[in-house]
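Asks: Can you keep this structure in mind? I'll have questions shortly.
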Amino acid sequence: MIAVIISWIAISIVFLSFGDFLILLYNKLCRLNEQYGLTDTLLLGMCFMLIPLSLTSFWLPSNQYILFSFLILSVIYWICRQKRFEMMLKNMKAGIKKYSLWQLLAFIVPIIGFMVVILWQVGIFDSLYYHHQNIRWNEEYATIPGLGNIEYRFGFNSNYMLLAPIFGLRFLFGEAVYGVQVLILLYILCWIFKEIIQSGYEVKRVLLLVVFTGYIFAFAYSFAATSTDAIPNVVAFYLIARLLLYPAELKNKLLLCILLPISLVTFKLSIAPLCLISLYSLILLIRGKGWRSISFLLSTGSIIVALWMIRNVILTGYLVFPFYEIDIFNVEWKIPKEIAMQEREFIYTCGVNVFNSMIWFLKNWDFDISNLPNWLFYNAYISSFILAPLITVYCLIKKKFLNRITYFLFLVLVAILLFWVTGGPDPRFAGGILFALMYYVVFMLFSTREEKRYPVIGKTILIMFTAIMIYWPVNRTIRFSNIYNLNNSGISARPVYSAIYKPFSYKEMLKSWGAFVNEFYPYRFDENLTFYVSNSPEIPNGRFVCFDAPFPCIILQEDDPMKYQNIKDIEARGATFQEGFRPKRK
């Protein structure tokens, strides 16, 4: 828990500092006065920080030294802007005083609750198979040419894999803390609470909490492990919900509306149609001849994307992997085209299989309390697909008072979902968008000319959510303790009280359960380089995974039918890992 607190403090300091500096720079250069709250500042800071982080990753590992540098820069920035810092603290104190004790508990309880939830990491295959190792490569080395040849999944190059190592605190605790996505979710959750309370429990804002609660529990697993889906989806949900409530911000908060969607693409490519929001705001700027803003925003967004693409080329040889059609670089370390083709096909096929399984489940479901949540979520997804266009037509006819931007946001959601369906319709790839569509339906149904407030119902829902945030972490802790026998005092198991200072990794839970197989064998790649080969399954008799250690670790092709490239078909480009890898010349 101590590790989580330290990590969250470091993330907040860095993101808020970089965000505030970006807003200052934008307002000064463009002669504007756009104002942003804490949540928006944090998200903008995350976006802006990608520029120096990506630049340094070309020459340096993304580890504690980069973190220290960013923290030092943050401290220097606030020393230079002491009055601004004092004003922020004053505003925060004044804001806190507006809330009653029970309202403050509504903010505090989820923070503590999520802190406990992520103490017990879950065993997601992608996390154990390649996320942890990918993070270790970024933590130990600068960007490595042809790293995608060792494991093609490293070529996906989500910027989450750059953020995770610098805030992982492995150098302090021996294991990494994966808290970035949870902290972002908590900032968004606190914004929702603020909206509910300050609006006097306006119905659409109360229902926003209900829908967001559904999102949390549908994809809770992605917040208790590494995930390239969590940040882009939760932030996309936030942006859509915010613009539904405040459509004028599409014109008034251009920095957020243009830069945020562009940056999210570098986390998850499937979120790319969200950039229609950026395009809309840019068109408004062009009409208003805001050339300074256009220059600043396009330059900043282009730098973020360009640096990400340069990393793509270094890692895989492609501008965007696995889009082999965009093949404009003739580098020796390029992943073979057939590997990219197979992976594109696999992503789509896997998504279709998951979607078909969801439909089959709905058609063949018999009442079963353990599967009731899945039944509810799946029905909610399908119902939203059907209801959204019907309600849109109804509102166009009957609710002419609605802002036209609301309908534009519906088109954005449709574009993202079409991109999702054609690229691989697995709900985890677009969870935030699916729930944003649900909120769109709710928003349209409950929109009236005059806002309606229901304090009793609103307070009841807020209290219920707070109660859930008390029950969930306690129940989860008890359940994990029983499943994995965490009170086991075996020599190989970490004592359960160690969770007080750092999260209990999935590997440690397997050890407590007595199910961890410590079979990692040295593999001599050449006379200079040695990998570890894993024969350690994620669960008893399951698929082999690498975990985060030993490092560097690989799975052999004969042990993984989905590994398209044999390690024997790859060679080193030099005498060190840093020099990279390339396919052997045939």
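FYI, nothing fancy with the structure tokens labels: chains A, B, ... in order, residues from 1 per chain, ligands from 1 as they appear.
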Determine, counting only C-alpha atoms, which protein, DNA and RNA residues have an atom within 9 Å of an atom of Phe173 in chain A; residues of the same chain fewer than 6 positions away are not included. Present the result as JSON, numbers by chain.
Replies: {"A": [3, 501, 502]}
Asks: Would you please work out which residue, of A:Leu486, A:Ile314, A:Ala415, A:Val117, is nearest to Arg582 in chain A when using only C-alpha atoms?
Replies: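 The answer is A:Ile314, which sits nearest to Arg582 in chain A.
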Asks: I'd like the neighbourhood of Met444 in chain A as a PyMOL selection string, where a residue qualifies if any of its atoms comes within 10 Å (using only C-alpha atoms), though same-chain residues fewer than 2 positions away should be ignored.
Replies: chain A and resi 204+244+388+391-392+394-395+399+402+406-407+439-442+446-448
Asks: How would the residues just chosen look if you wrote them out with C-alpha atoms as an mmCIF file, in the first residue's frame?
Replies:
```
data_model
loop_
_atom_site.group_PDB
_atom_site.id
_atom_site.type_symbol
_atom_site.label_atom_id
_atom_site.label_comp_id
_atom_site.auth_asym_id
_atom_site.auth_seq_id
_atom_site.Cartn_x
_atom_site.Cartn_y
_atom_site.Cartn_z
ATOM 1 C CA LYS A 204 -27.966 13.079 -15.811
ATOM 2 C CA LEU A 244 -22.331 15.641 -23.567
ATOM 3 C CA ALA A 388 -28.963 4.578 -29.694
ATOM 4 C CA ILE A 391 -33.416 7.449 -29.608
ATOM 5 C CA THR A 392 -31.298 9.767 -31.753
ATOM 6 C CA TYR A 394 -36.677 10.481 -31.679
ATOM 7 C CA CYS A 395 -34.704 13.323 -30.087
ATOM 8 C CA LYS A 399 -36.101 17.384 -28.396
ATOM 9 C CA LEU A 402 -30.568 19.631 -27.591
ATOM 10 C CA THR A 406 -24.679 15.969 -29.011
ATOM 11 C CA TYR A 407 -25.516 14.365 -32.365
ATOM 12 C CA TYR A 439 -24.424 6.930 -21.233
ATOM 13 C CA TYR A 440 -25.361 8.626 -24.508
ATOM 14 C CA VAL A 441 -28.644 6.659 -24.496
ATOM 15 C CA VAL A 442 -29.294 7.583 -20.851
ATOM 16 C CA PHE A 446 -33.311 12.052 -19.489
ATOM 17 C CA SER A 447 -32.519 15.353 -21.211
ATOM 18 C CA THR A 448 -35.184 17.978 -20.601
#
```
Asks: Have a look at CA of Trp8 in chain A and CA of Phe167 in chain A and let me know their distance in Å, one decimal.
Replies: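 So the two atoms, CA of Trp8 in chain A and CA of Phe167 in chain A, lie 8.4 Å apart.
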Asks: Check range 248-405 of chain A with DSSP on the backbone and list each residue it calls alpha helix (DSSP H), as a PyMOL selection string.
Replies: chain A and resi 249-252+254-265+275-287+291-316+337-364+372-398+404-405
Asks: Let me make sure I understand: among A:Val4, A:Leu44, A:Leu128, A:Val234, which one has the smallest atom-to-atom distance to Ile184 in chain A if we use only C-alpha atoms?
Replies: A:Val234
Asks: Report as a count of residues only all protein, DNA and RNA residues lying within 10 Å of range 67-83 of chain A, evaluated on only C-alpha atoms, omitting residues in the same chain fewer than 6 positions from it.
Replies: 20
Asks: Run DSSP on the backbone of this structure and report the residues of range 467-580 of chain A it assigns to strand (DSSP E or B), as a list in words.
Replies: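 Taking range 467-580 of chain A and keeping strand (DSSP E or B) gives Phe504, Phe520, Tyr521, Pro522, Tyr523, Arg524, Thr530, Phe531, Tyr532, Val533, Ser534, Pro537, Phe544, Cys553, Ile554, Ile570, Glu571 and Ala572 of chain A.
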